[in-house]
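Everything below belongs to target05.txt, which stores compact mmCIF, N, CA and C atoms.
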# COMPACT_ATOMS: atom_id res chain seq x y z
N MET Z 1 69.12 110.25 101.61
CA MET Z 1 69.96 109.37 102.41
C MET Z 1 71.40 109.88 102.32
N MET Z 2 72.06 109.87 103.43
CA MET Z 2 73.44 110.33 103.49
C MET Z 2 74.37 109.28 102.88
N THR Z 3 75.50 109.74 102.34
CA THR Z 3 76.48 108.81 101.79
C THR Z 3 77.38 108.29 102.90
N ARG Z 4 78.06 107.20 102.60
CA ARG Z 4 79.02 106.60 103.54
C ARG Z 4 80.10 107.62 103.90
N GLU Z 5 80.58 108.37 102.91
CA GLU Z 5 81.64 109.34 103.15
C GLU Z 5 81.18 110.45 104.10
N GLU Z 6 79.93 110.91 103.94
CA GLU Z 6 79.42 111.95 104.83
C GLU Z 6 79.34 111.46 106.28
N ILE Z 7 78.87 110.24 106.45
CA ILE Z 7 78.75 109.68 107.79
C ILE Z 7 80.12 109.52 108.44
N LEU Z 8 81.06 108.95 107.69
CA LEU Z 8 82.40 108.74 108.24
C LEU Z 8 83.09 110.07 108.53
N SER Z 9 82.81 111.08 107.72
CA SER Z 9 83.39 112.40 107.95
C SER Z 9 82.86 113.01 109.26
N ILE Z 10 81.57 112.85 109.52
CA ILE Z 10 80.98 113.35 110.76
C ILE Z 10 81.54 112.58 111.95
N GLU Z 11 81.67 111.25 111.82
CA GLU Z 11 82.25 110.43 112.89
C GLU Z 11 83.67 110.90 113.22
N GLU Z 12 84.46 111.12 112.18
CA GLU Z 12 85.85 111.55 112.38
C GLU Z 12 85.91 112.93 113.05
N TYR Z 13 85.07 113.86 112.60
CA TYR Z 13 85.05 115.20 113.17
C TYR Z 13 84.69 115.16 114.65
N CYS Z 14 83.66 114.37 114.98
CA CYS Z 14 83.21 114.29 116.38
C CYS Z 14 84.30 113.69 117.27
N ALA Z 15 85.00 112.68 116.77
CA ALA Z 15 86.06 112.05 117.55
C ALA Z 15 87.23 113.02 117.76
N GLU Z 16 87.61 113.75 116.71
CA GLU Z 16 88.73 114.67 116.81
C GLU Z 16 88.44 115.86 117.71
N HIS Z 17 87.22 116.39 117.64
CA HIS Z 17 86.87 117.59 118.39
C HIS Z 17 86.13 117.30 119.69
N LYS Z 18 85.94 116.01 119.97
CA LYS Z 18 85.30 115.56 121.21
C LYS Z 18 83.95 116.25 121.44
N ILE Z 19 83.11 116.21 120.40
CA ILE Z 19 81.75 116.74 120.53
C ILE Z 19 80.77 115.62 120.19
N SER Z 20 79.54 115.79 120.58
CA SER Z 20 78.53 114.76 120.33
C SER Z 20 78.07 114.82 118.88
N HIS Z 21 77.55 113.68 118.43
CA HIS Z 21 76.99 113.64 117.08
C HIS Z 21 75.83 114.63 116.96
N LYS Z 22 75.01 114.69 117.99
CA LYS Z 22 73.84 115.55 117.98
C LYS Z 22 74.23 117.01 117.77
N LYS Z 23 75.27 117.46 118.47
CA LYS Z 23 75.72 118.84 118.34
C LYS Z 23 76.23 119.11 116.93
N ARG Z 24 77.03 118.19 116.39
CA ARG Z 24 77.59 118.38 115.04
C ARG Z 24 76.47 118.37 113.99
N LEU Z 25 75.50 117.49 114.15
CA LEU Z 25 74.40 117.43 113.20
C LEU Z 25 73.57 118.71 113.23
N GLU Z 26 73.39 119.28 114.42
CA GLU Z 26 72.69 120.56 114.53
C GLU Z 26 73.47 121.66 113.81
N GLU Z 27 74.81 121.66 113.95
CA GLU Z 27 75.64 122.65 113.26
C GLU Z 27 75.49 122.55 111.75
N LEU Z 28 75.37 121.32 111.24
CA LEU Z 28 75.28 121.09 109.80
C LEU Z 28 73.84 121.17 109.28
N GLY Z 29 72.87 121.23 110.19
CA GLY Z 29 71.47 121.29 109.78
C GLY Z 29 70.94 119.96 109.24
N ILE Z 30 71.49 118.86 109.75
CA ILE Z 30 71.07 117.53 109.31
C ILE Z 30 70.20 116.92 110.40
N PRO Z 31 69.01 116.42 110.03
CA PRO Z 31 68.17 115.77 111.04
C PRO Z 31 68.89 114.54 111.62
N PHE Z 32 68.87 114.41 112.95
CA PHE Z 32 69.61 113.31 113.58
C PHE Z 32 69.10 111.95 113.12
N TRP Z 33 67.79 111.83 112.87
CA TRP Z 33 67.25 110.54 112.45
C TRP Z 33 67.81 110.13 111.09
N ASN Z 34 68.09 111.11 110.22
CA ASN Z 34 68.64 110.82 108.90
C ASN Z 34 70.04 110.21 109.03
N PHE Z 35 70.83 110.79 109.92
CA PHE Z 35 72.20 110.31 110.16
C PHE Z 35 72.17 108.88 110.70
N TYR Z 36 71.39 108.66 111.75
CA TYR Z 36 71.37 107.36 112.40
C TYR Z 36 70.75 106.27 111.52
N LYS Z 37 69.74 106.64 110.73
CA LYS Z 37 69.12 105.66 109.82
C LYS Z 37 70.12 105.22 108.75
N ALA Z 38 70.84 106.18 108.17
CA ALA Z 38 71.84 105.85 107.15
C ALA Z 38 72.99 105.05 107.76
N LYS Z 39 73.44 105.45 108.94
CA LYS Z 39 74.54 104.74 109.59
C LYS Z 39 74.16 103.29 109.88
N GLN Z 40 72.91 103.09 110.34
CA GLN Z 40 72.44 101.74 110.62
C GLN Z 40 72.39 100.91 109.34
N LYS Z 41 71.94 101.52 108.25
CA LYS Z 41 71.86 100.81 106.96
C LYS Z 41 73.24 100.34 106.52
N TYR Z 42 74.23 101.23 106.58
CA TYR Z 42 75.59 100.87 106.16
C TYR Z 42 76.21 99.85 107.11
N ARG Z 43 75.94 99.97 108.41
CA ARG Z 43 76.50 99.02 109.37
C ARG Z 43 75.96 97.62 109.11
N ARG Z 44 74.67 97.52 108.83
CA ARG Z 44 74.09 96.21 108.51
C ARG Z 44 74.69 95.63 107.24
N ALA Z 45 74.91 96.47 106.24
CA ALA Z 45 75.53 96.02 105.00
C ALA Z 45 76.96 95.54 105.27
N ASP Z 46 77.68 96.26 106.14
CA ASP Z 46 79.05 95.87 106.49
C ASP Z 46 79.09 94.51 107.18
N GLU Z 47 78.11 94.25 108.04
CA GLU Z 47 78.07 92.98 108.75
C GLU Z 47 77.85 91.81 107.80
N GLN Z 48 77.15 92.05 106.71
CA GLN Z 48 76.86 90.98 105.75
C GLN Z 48 78.00 90.79 104.76
N ASP Z 49 78.68 91.86 104.39
CA ASP Z 49 79.70 91.79 103.35
C ASP Z 49 80.97 92.47 103.83
N VAL Z 50 81.78 91.76 104.58
CA VAL Z 50 83.01 92.33 105.13
C VAL Z 50 84.14 92.12 104.14
N GLN Z 51 84.78 93.22 103.73
CA GLN Z 51 85.94 93.17 102.85
C GLN Z 51 87.07 93.89 103.55
N PRO Z 52 87.92 93.15 104.26
CA PRO Z 52 88.99 93.81 105.02
C PRO Z 52 89.94 94.59 104.11
N GLY Z 53 90.41 95.70 104.65
CA GLY Z 53 91.40 96.49 103.93
C GLY Z 53 90.80 97.56 103.04
N GLN Z 54 89.50 97.75 103.05
CA GLN Z 54 88.87 98.76 102.23
C GLN Z 54 88.86 100.10 102.96
N PHE Z 55 89.28 101.16 102.28
CA PHE Z 55 89.31 102.49 102.87
C PHE Z 55 88.56 103.46 101.98
N VAL Z 56 88.03 104.53 102.57
CA VAL Z 56 87.31 105.58 101.86
C VAL Z 56 88.07 106.87 102.05
N GLN Z 57 88.24 107.64 100.95
CA GLN Z 57 88.90 108.94 101.07
C GLN Z 57 87.85 110.00 101.35
N LEU Z 58 88.05 110.75 102.44
CA LEU Z 58 87.13 111.82 102.82
C LEU Z 58 87.52 113.11 102.10
N ALA Z 59 86.64 114.10 102.18
CA ALA Z 59 86.90 115.39 101.54
C ALA Z 59 88.17 116.04 102.09
N SER Z 60 88.52 115.71 103.34
CA SER Z 60 89.73 116.27 103.95
C SER Z 60 91.00 115.67 103.37
N GLY Z 61 90.85 114.62 102.54
CA GLY Z 61 92.01 113.96 101.94
C GLY Z 61 92.48 112.76 102.73
N ARG Z 62 91.93 112.58 103.93
CA ARG Z 62 92.31 111.44 104.77
C ARG Z 62 91.56 110.20 104.34
N TYR Z 63 92.18 109.05 104.55
CA TYR Z 63 91.54 107.77 104.29
C TYR Z 63 91.11 107.16 105.62
N VAL Z 64 89.91 106.64 105.66
CA VAL Z 64 89.40 106.00 106.87
C VAL Z 64 88.83 104.64 106.49
N PRO Z 65 88.74 103.70 107.44
CA PRO Z 65 88.17 102.39 107.13
C PRO Z 65 86.74 102.54 106.62
N GLN Z 66 86.38 101.70 105.66
CA GLN Z 66 85.07 101.79 105.03
C GLN Z 66 83.95 101.37 105.97
N THR Z 67 84.23 100.53 106.95
CA THR Z 67 83.17 100.00 107.80
C THR Z 67 82.68 101.05 108.78
N MET Z 68 81.39 100.99 109.10
CA MET Z 68 80.77 101.91 110.04
C MET Z 68 81.17 101.55 111.46
N PRO Z 69 81.52 102.53 112.27
CA PRO Z 69 81.79 102.24 113.68
C PRO Z 69 80.50 101.84 114.38
N PRO Z 70 80.59 101.09 115.46
CA PRO Z 70 79.38 100.67 116.17
C PRO Z 70 78.68 101.87 116.81
N ALA Z 71 77.41 101.68 117.09
CA ALA Z 71 76.64 102.73 117.75
C ALA Z 71 77.20 102.96 119.14
N ARG Z 72 77.20 104.20 119.59
CA ARG Z 72 77.75 104.51 120.91
C ARG Z 72 76.91 103.92 122.02
N THR Z 73 75.64 103.65 121.74
CA THR Z 73 74.76 103.10 122.76
C THR Z 73 74.73 101.58 122.74
N ALA Z 74 75.46 100.95 121.82
CA ALA Z 74 75.45 99.50 121.73
C ALA Z 74 76.01 98.90 123.01
N GLY Z 75 75.27 97.97 123.57
CA GLY Z 75 75.72 97.28 124.76
C GLY Z 75 75.44 98.00 126.06
N LYS Z 76 74.80 99.17 126.03
CA LYS Z 76 74.49 99.88 127.26
C LYS Z 76 73.20 99.32 127.84
N SER Z 77 73.25 98.93 129.07
CA SER Z 77 72.08 98.33 129.70
C SER Z 77 71.44 99.23 130.75
N GLY Z 78 72.02 100.38 131.00
CA GLY Z 78 71.49 101.26 132.01
C GLY Z 78 72.08 101.01 133.38
N LYS Z 79 72.80 99.90 133.53
CA LYS Z 79 73.44 99.60 134.81
C LYS Z 79 74.79 100.29 134.86
N PRO Z 80 75.22 100.70 136.03
CA PRO Z 80 76.53 101.34 136.12
C PRO Z 80 77.64 100.35 135.74
N VAL Z 81 78.64 100.87 135.06
CA VAL Z 81 79.77 100.05 134.63
C VAL Z 81 80.83 100.08 135.71
N LYS Z 82 81.34 98.90 136.04
CA LYS Z 82 82.42 98.83 137.02
C LYS Z 82 83.70 99.36 136.39
N PRO Z 83 84.45 100.15 137.13
CA PRO Z 83 85.69 100.68 136.55
C PRO Z 83 86.69 99.55 136.29
N THR Z 84 87.40 99.69 135.19
CA THR Z 84 88.43 98.72 134.83
C THR Z 84 89.79 99.33 135.12
N GLU Z 85 90.82 98.51 134.96
CA GLU Z 85 92.17 98.99 135.23
C GLU Z 85 92.53 100.17 134.33
N GLU Z 86 92.31 100.00 133.02
CA GLU Z 86 92.69 101.04 132.08
C GLU Z 86 91.44 101.62 131.44
N LYS Z 87 91.07 102.80 131.83
CA LYS Z 87 89.91 103.47 131.27
C LYS Z 87 90.34 104.64 130.40
N ASN Z 88 91.64 104.81 130.20
CA ASN Z 88 92.16 105.92 129.40
C ASN Z 88 92.06 105.57 127.92
N GLU Z 89 90.84 105.57 127.40
CA GLU Z 89 90.62 105.26 125.99
C GLU Z 89 90.61 106.55 125.19
N SER Z 90 91.16 106.48 123.99
CA SER Z 90 91.15 107.62 123.08
C SER Z 90 90.97 107.10 121.66
N TYR Z 91 90.32 107.91 120.82
CA TYR Z 91 90.22 107.57 119.41
C TYR Z 91 91.52 108.01 118.76
N LEU Z 92 92.26 107.06 118.21
CA LEU Z 92 93.58 107.34 117.67
C LEU Z 92 93.72 106.81 116.25
N THR Z 93 94.65 107.40 115.53
CA THR Z 93 95.10 106.89 114.24
C THR Z 93 96.57 106.57 114.39
N VAL Z 94 96.93 105.32 114.17
CA VAL Z 94 98.31 104.89 114.32
C VAL Z 94 98.80 104.39 112.96
N GLU Z 95 99.93 104.93 112.51
CA GLU Z 95 100.53 104.48 111.26
C GLU Z 95 101.87 103.84 111.60
N LEU Z 96 102.05 102.61 111.15
CA LEU Z 96 103.25 101.85 111.45
C LEU Z 96 103.92 101.39 110.17
N GLN Z 97 105.22 101.22 110.24
CA GLN Z 97 105.96 100.59 109.15
C GLN Z 97 106.91 99.58 109.77
N THR Z 98 106.80 98.32 109.36
CA THR Z 98 107.64 97.28 109.93
C THR Z 98 109.04 97.35 109.33
N ARG Z 99 109.94 96.59 109.89
CA ARG Z 99 111.31 96.56 109.39
C ARG Z 99 111.38 96.05 107.96
N THR Z 100 110.40 95.23 107.56
CA THR Z 100 110.38 94.69 106.19
C THR Z 100 109.74 95.66 105.21
N GLY Z 101 109.23 96.81 105.70
CA GLY Z 101 108.68 97.83 104.82
C GLY Z 101 107.17 97.82 104.71
N THR Z 102 106.50 96.91 105.37
CA THR Z 102 105.05 96.87 105.32
C THR Z 102 104.48 98.05 106.10
N ALA Z 103 103.59 98.81 105.46
CA ALA Z 103 102.99 99.97 106.11
C ALA Z 103 101.53 99.66 106.42
N MET Z 104 101.04 100.17 107.57
CA MET Z 104 99.65 99.96 107.93
C MET Z 104 99.13 101.14 108.73
N ARG Z 105 97.82 101.36 108.63
CA ARG Z 105 97.16 102.41 109.41
C ARG Z 105 96.04 101.73 110.20
N ILE Z 106 96.00 102.01 111.49
CA ILE Z 106 95.00 101.43 112.38
C ILE Z 106 94.29 102.58 113.08
N GLN Z 107 92.95 102.57 113.04
CA GLN Z 107 92.17 103.63 113.68
C GLN Z 107 91.16 103.01 114.61
N GLY Z 108 90.88 103.72 115.69
CA GLY Z 108 89.84 103.27 116.60
C GLY Z 108 90.10 103.75 118.01
N VAL Z 109 89.22 103.33 118.90
CA VAL Z 109 89.35 103.66 120.30
C VAL Z 109 90.36 102.69 120.90
N MET Z 110 91.42 103.22 121.48
CA MET Z 110 92.50 102.40 122.01
C MET Z 110 92.89 102.82 123.42
N THR Z 111 93.39 101.84 124.15
CA THR Z 111 93.92 102.08 125.49
C THR Z 111 95.44 102.01 125.40
N PRO Z 112 96.14 102.40 126.46
CA PRO Z 112 97.60 102.25 126.45
C PRO Z 112 98.04 100.80 126.20
N ALA Z 113 97.25 99.84 126.68
CA ALA Z 113 97.60 98.43 126.46
C ALA Z 113 97.54 98.09 124.98
N HIS Z 114 96.55 98.63 124.27
CA HIS Z 114 96.46 98.40 122.83
C HIS Z 114 97.69 98.94 122.12
N LEU Z 115 98.10 100.16 122.51
CA LEU Z 115 99.27 100.76 121.87
C LEU Z 115 100.52 99.95 122.11
N ARG Z 116 100.69 99.45 123.35
CA ARG Z 116 101.86 98.61 123.63
C ARG Z 116 101.87 97.37 122.75
N GLU Z 117 100.71 96.76 122.55
CA GLU Z 117 100.62 95.56 121.70
C GLU Z 117 100.94 95.90 120.25
N LEU Z 118 100.45 97.04 119.77
CA LEU Z 118 100.73 97.44 118.39
C LEU Z 118 102.22 97.69 118.17
N ILE Z 119 102.83 98.36 119.13
CA ILE Z 119 104.27 98.66 119.00
C ILE Z 119 105.07 97.36 119.04
N ALA Z 120 104.71 96.47 119.94
CA ALA Z 120 105.40 95.18 120.02
C ALA Z 120 105.23 94.39 118.73
N ALA Z 121 104.03 94.41 118.16
CA ALA Z 121 103.77 93.66 116.93
C ALA Z 121 104.50 94.31 115.74
N GLY Z 122 104.68 95.63 115.78
CA GLY Z 122 105.36 96.32 114.69
C GLY Z 122 106.86 96.13 114.68
N ASN Z 123 107.43 95.62 115.76
CA ASN Z 123 108.88 95.39 115.84
C ASN Z 123 109.29 94.04 115.31
N VAL Z 124 108.47 93.49 114.43
CA VAL Z 124 108.77 92.16 113.87
C VAL Z 124 109.77 92.29 112.76
Exercise: express the given structure as structure tokens:
Amino acid sequence: MMTREEILSIEEYCAEHKISHKKRLEELGIPFWNFYKAKQKYRRADEQDVQPGQFVQLASGRYVPQTMPPARTAGKSGKPVKPTEEKNESYLTVELQTRTGTAMRIQGVMTPAHLRELIAAGNV
């Protein structure tokens, strides 16, 4: 079974290099079923025991949220999706420091609207 750190490292690599999980797993010689089975196990554990603010340090030295990201196929029904106003989503890491000195790191898929809200909230 793969560790949480290995799964999060693969997730981060795929997001940064814009490649599929399947392609990355083939490069690493990891069976895709092993990755998805472990990811599902950790995601279910996260849903039962949520501890906000927990981060895991990857081999690259970066810290990422401990919780598993949702499956890419979650919520897909096979029907075409109607275009929305803002479809410019990107996986981003945003680090902010408020005027009072509070520092925070936020990671995930964000739109320009999300970034505007984060910047506005950080100007407190």
Check your understanding: Between atom CA of Z:Tyr91 and atom C of Z:Ala113, what is the distance, to one decimal in Å?
Key ->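 Taking atom CA of Z:Tyr91 as the start and atom C of Z:Ala113 as the end point, the length is 13.2 Å.
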Exercise for review: Would you mind reading off the distance between atom CA of Z:Lys37 and atom CA of Z:Met2, one decimal, in Å?
Suggested key: 9.0 Å
Point to revise | One-decimal distance in Å that lies between atom CA of Z:Gly108 and atom C of Z:Asp46 | key: 16.8 Å
Point to revise | Nearest-residue call for Z:Ala38, choices Z:Arg99, Z:Lys22, Z:His114, Z:Arg4, using only C-alpha atoms | key: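 Nearest candidate to Z:Ala38 out of Z:Arg99, Z:Lys22, Z:His114, Z:Arg4: Z:Arg4.
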Exercise for review: Would you list the contacts of Z:Ile10 as a count of residues only, taking every protein, DNA or RNA residue within 8 Å and counting only N, CA and C atoms, but skipping same-chain residues closer than 6 positions in sequence?
Suggested key: 5
Exercise for review: Identify which of the residues Z:Ala121, Z:Glu12, Z:Arg44, Z:Gly29 lies closest to Z:Thr98, counting only N, CA and C atoms when measuring atom-to-atom distances.
Suggested key: Z:Ala121
Review point. Which residue, Z:Trp33, Z:Lys39, Z:Thr102, Z:Ser20, has the smallest gap to Z:Glu6 when you use only C-alpha atoms?
Key: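 Nearest candidate to Z:Glu6 out of Z:Trp33, Z:Lys39, Z:Thr102, Z:Ser20: Z:Lys39.
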Completed stretch 95-106 of chain Z (all heavy atoms) as a PDB file, in the frame of the given file:
ATOM      1  N   GLU Z  95      99.930 104.930 112.510  1.00  0.00           N
ATOM      2  CA  GLU Z  95     100.530 104.480 111.260  1.00  0.00           C
ATOM      3  C   GLU Z  95     101.870 103.840 111.600  1.00  0.00           C
ATOM      4  O   GLU Z  95     102.706 104.451 112.274  1.00  0.00           O
ATOM      5  CB  GLU Z  95     100.716 105.644 110.301  1.00  0.00           C
ATOM      6  CG  GLU Z  95      99.398 106.221 109.856  1.00  0.00           C
ATOM      7  CD  GLU Z  95      99.545 107.356 108.850  1.00  0.00           C
ATOM      8  OE1 GLU Z  95     100.640 107.639 108.404  1.00  0.00           O
ATOM      9  OE2 GLU Z  95      98.562 107.932 108.515  1.00  0.00           O
ATOM     10  N   LEU Z  96     102.050 102.610 111.150  1.00  0.00           N
ATOM     11  CA  LEU Z  96     103.250 101.850 111.450  1.00  0.00           C
ATOM     12  C   LEU Z  96     103.920 101.390 110.170  1.00  0.00           C
ATOM     13  O   LEU Z  96     103.249 101.165 109.166  1.00  0.00           O
ATOM     14  CB  LEU Z  96     102.917 100.612 112.284  1.00  0.00           C
ATOM     15  CG  LEU Z  96     102.270 100.814 113.639  1.00  0.00           C
ATOM     16  CD1 LEU Z  96     101.803  99.490 114.182  1.00  0.00           C
ATOM     17  CD2 LEU Z  96     103.267 101.450 114.580  1.00  0.00           C
ATOM     18  N   GLN Z  97     105.220 101.220 110.240  1.00  0.00           N
ATOM     19  CA  GLN Z  97     105.960 100.590 109.150  1.00  0.00           C
ATOM     20  C   GLN Z  97     106.910  99.580 109.770  1.00  0.00           C
ATOM     21  O   GLN Z  97     107.700  99.922 110.652  1.00  0.00           O
ATOM     22  CB  GLN Z  97     106.728 101.606 108.327  1.00  0.00           C
ATOM     23  CG  GLN Z  97     107.397 100.980 107.121  1.00  0.00           C
ATOM     24  CD  GLN Z  97     107.945 102.029 106.166  1.00  0.00           C
ATOM     25  OE1 GLN Z  97     107.911 103.212 106.447  1.00  0.00           O
ATOM     26  NE2 GLN Z  97     108.444 101.573 105.045  1.00  0.00           N
ATOM     27  N   THR Z  98     106.800  98.320 109.360  1.00  0.00           N
ATOM     28  CA  THR Z  98     107.640  97.280 109.930  1.00  0.00           C
ATOM     29  C   THR Z  98     109.040  97.350 109.330  1.00  0.00           C
ATOM     30  O   THR Z  98     109.279  98.072 108.355  1.00  0.00           O
ATOM     31  CB  THR Z  98     107.038  95.884 109.663  1.00  0.00           C
ATOM     32  OG1 THR Z  98     107.018  95.657 108.255  1.00  0.00           O
ATOM     33  CG2 THR Z  98     105.643  95.767 110.248  1.00  0.00           C
ATOM     34  N   ARG Z  99     109.940  96.590 109.890  1.00  0.00           N
ATOM     35  CA  ARG Z  99     111.310  96.560 109.390  1.00  0.00           C
ATOM     36  C   ARG Z  99     111.380  96.050 107.960  1.00  0.00           C
ATOM     37  O   ARG Z  99     112.285  96.390 107.209  1.00  0.00           O
ATOM     38  CB  ARG Z  99     112.167  95.663 110.279  1.00  0.00           C
ATOM     39  CG  ARG Z  99     112.380  96.236 111.646  1.00  0.00           C
ATOM     40  CD  ARG Z  99     113.231  95.326 112.492  1.00  0.00           C
ATOM     41  NE  ARG Z  99     113.254  95.819 113.853  1.00  0.00           N
ATOM     42  CZ  ARG Z  99     113.563  95.094 114.899  1.00  0.00           C
ATOM     43  NH1 ARG Z  99     113.880  93.829 114.755  1.00  0.00           N
ATOM     44  NH2 ARG Z  99     113.549  95.628 116.098  1.00  0.00           N
ATOM     45  N   THR Z 100     110.400  95.230 107.560  1.00  0.00           N
ATOM     46  CA  THR Z 100     110.380  94.690 106.190  1.00  0.00           C
ATOM     47  C   THR Z 100     109.740  95.660 105.210  1.00  0.00           C
ATOM     48  O   THR Z 100     109.683  95.383 104.024  1.00  0.00           O
ATOM     49  CB  THR Z 100     109.615  93.349 106.154  1.00  0.00           C
ATOM     50  OG1 THR Z 100     108.278  93.570 106.607  1.00  0.00           O
ATOM     51  CG2 THR Z 100     110.301  92.308 107.008  1.00  0.00           C
ATOM     52  N   GLY Z 101     109.230  96.810 105.700  1.00  0.00           N
ATOM     53  CA  GLY Z 101     108.680  97.830 104.820  1.00  0.00           C
ATOM     54  C   GLY Z 101     107.170  97.820 104.710  1.00  0.00           C
ATOM     55  O   GLY Z 101     106.599  98.640 103.991  1.00  0.00           O
ATOM     56  N   THR Z 102     106.500  96.910 105.370  1.00  0.00           N
ATOM     57  CA  THR Z 102     105.050  96.870 105.320  1.00  0.00           C
ATOM     58  C   THR Z 102     104.480  98.050 106.100  1.00  0.00           C
ATOM     59  O   THR Z 102     104.840  98.262 107.251  1.00  0.00           O
ATOM     60  CB  THR Z 102     104.516  95.558 105.933  1.00  0.00           C
ATOM     61  OG1 THR Z 102     105.117  94.461 105.246  1.00  0.00           O
ATOM     62  CG2 THR Z 102     103.008  95.471 105.833  1.00  0.00           C
ATOM     63  N   ALA Z 103     103.590  98.810 105.460  1.00  0.00           N
ATOM     64  CA  ALA Z 103     102.990  99.970 106.110  1.00  0.00           C
ATOM     65  C   ALA Z 103     101.530  99.660 106.420  1.00  0.00           C
ATOM     66  O   ALA Z 103     100.862  98.960 105.658  1.00  0.00           O
ATOM     67  CB  ALA Z 103     103.081 101.192 105.213  1.00  0.00           C
ATOM     68  N   MET Z 104     101.040 100.170 107.570  1.00  0.00           N
ATOM     69  CA  MET Z 104      99.650  99.960 107.930  1.00  0.00           C
ATOM     70  C   MET Z 104      99.130 101.140 108.730  1.00  0.00           C
ATOM     71  O   MET Z 104      99.894 101.839 109.383  1.00  0.00           O
ATOM     72  CB  MET Z 104      99.487  98.661 108.724  1.00  0.00           C
ATOM     73  CG  MET Z 104     100.211  98.633 110.053  1.00  0.00           C
ATOM     74  SD  MET Z 104     100.150  97.042 110.843  1.00  0.00           S
ATOM     75  CE  MET Z 104     101.713  96.375 110.271  1.00  0.00           C
ATOM     76  N   ARG Z 105      97.820 101.360 108.630  1.00  0.00           N
ATOM     77  CA  ARG Z 105      97.160 102.410 109.410  1.00  0.00           C
ATOM     78  C   ARG Z 105      96.040 101.730 110.200  1.00  0.00           C
ATOM     79  O   ARG Z 105      95.242 101.002 109.652  1.00  0.00           O
ATOM     80  CB  ARG Z 105      96.558 103.452 108.498  1.00  0.00           C
ATOM     81  CG  ARG Z 105      95.796 104.525 109.289  1.00  0.00           C
ATOM     82  CD  ARG Z 105      95.167 105.574 108.412  1.00  0.00           C
ATOM     83  NE  ARG Z 105      96.205 106.309 107.717  1.00  0.00           N
ATOM     84  CZ  ARG Z 105      96.068 106.788 106.486  1.00  0.00           C
ATOM     85  NH1 ARG Z 105      94.967 106.615 105.828  1.00  0.00           N
ATOM     86  NH2 ARG Z 105      97.050 107.450 105.921  1.00  0.00           N
ATOM     87  N   ILE Z 106      96.000 102.010 111.490  1.00  0.00           N
ATOM     88  CA  ILE Z 106      95.000 101.430 112.380  1.00  0.00           C
ATOM     89  C   ILE Z 106      94.290 102.580 113.080  1.00  0.00           C
ATOM     90  O   ILE Z 106      94.946 103.459 113.638  1.00  0.00           O
ATOM     91  CB  ILE Z 106      95.659 100.486 113.403  1.00  0.00           C
ATOM     92  CG1 ILE Z 106      96.433  99.400 112.663  1.00  0.00           C
ATOM     93  CG2 ILE Z 106      94.627  99.902 114.342  1.00  0.00           C
ATOM     94  CD1 ILE Z 106      97.363  98.617 113.525  1.00  0.00           C
TER      95      ILE Z 106
END
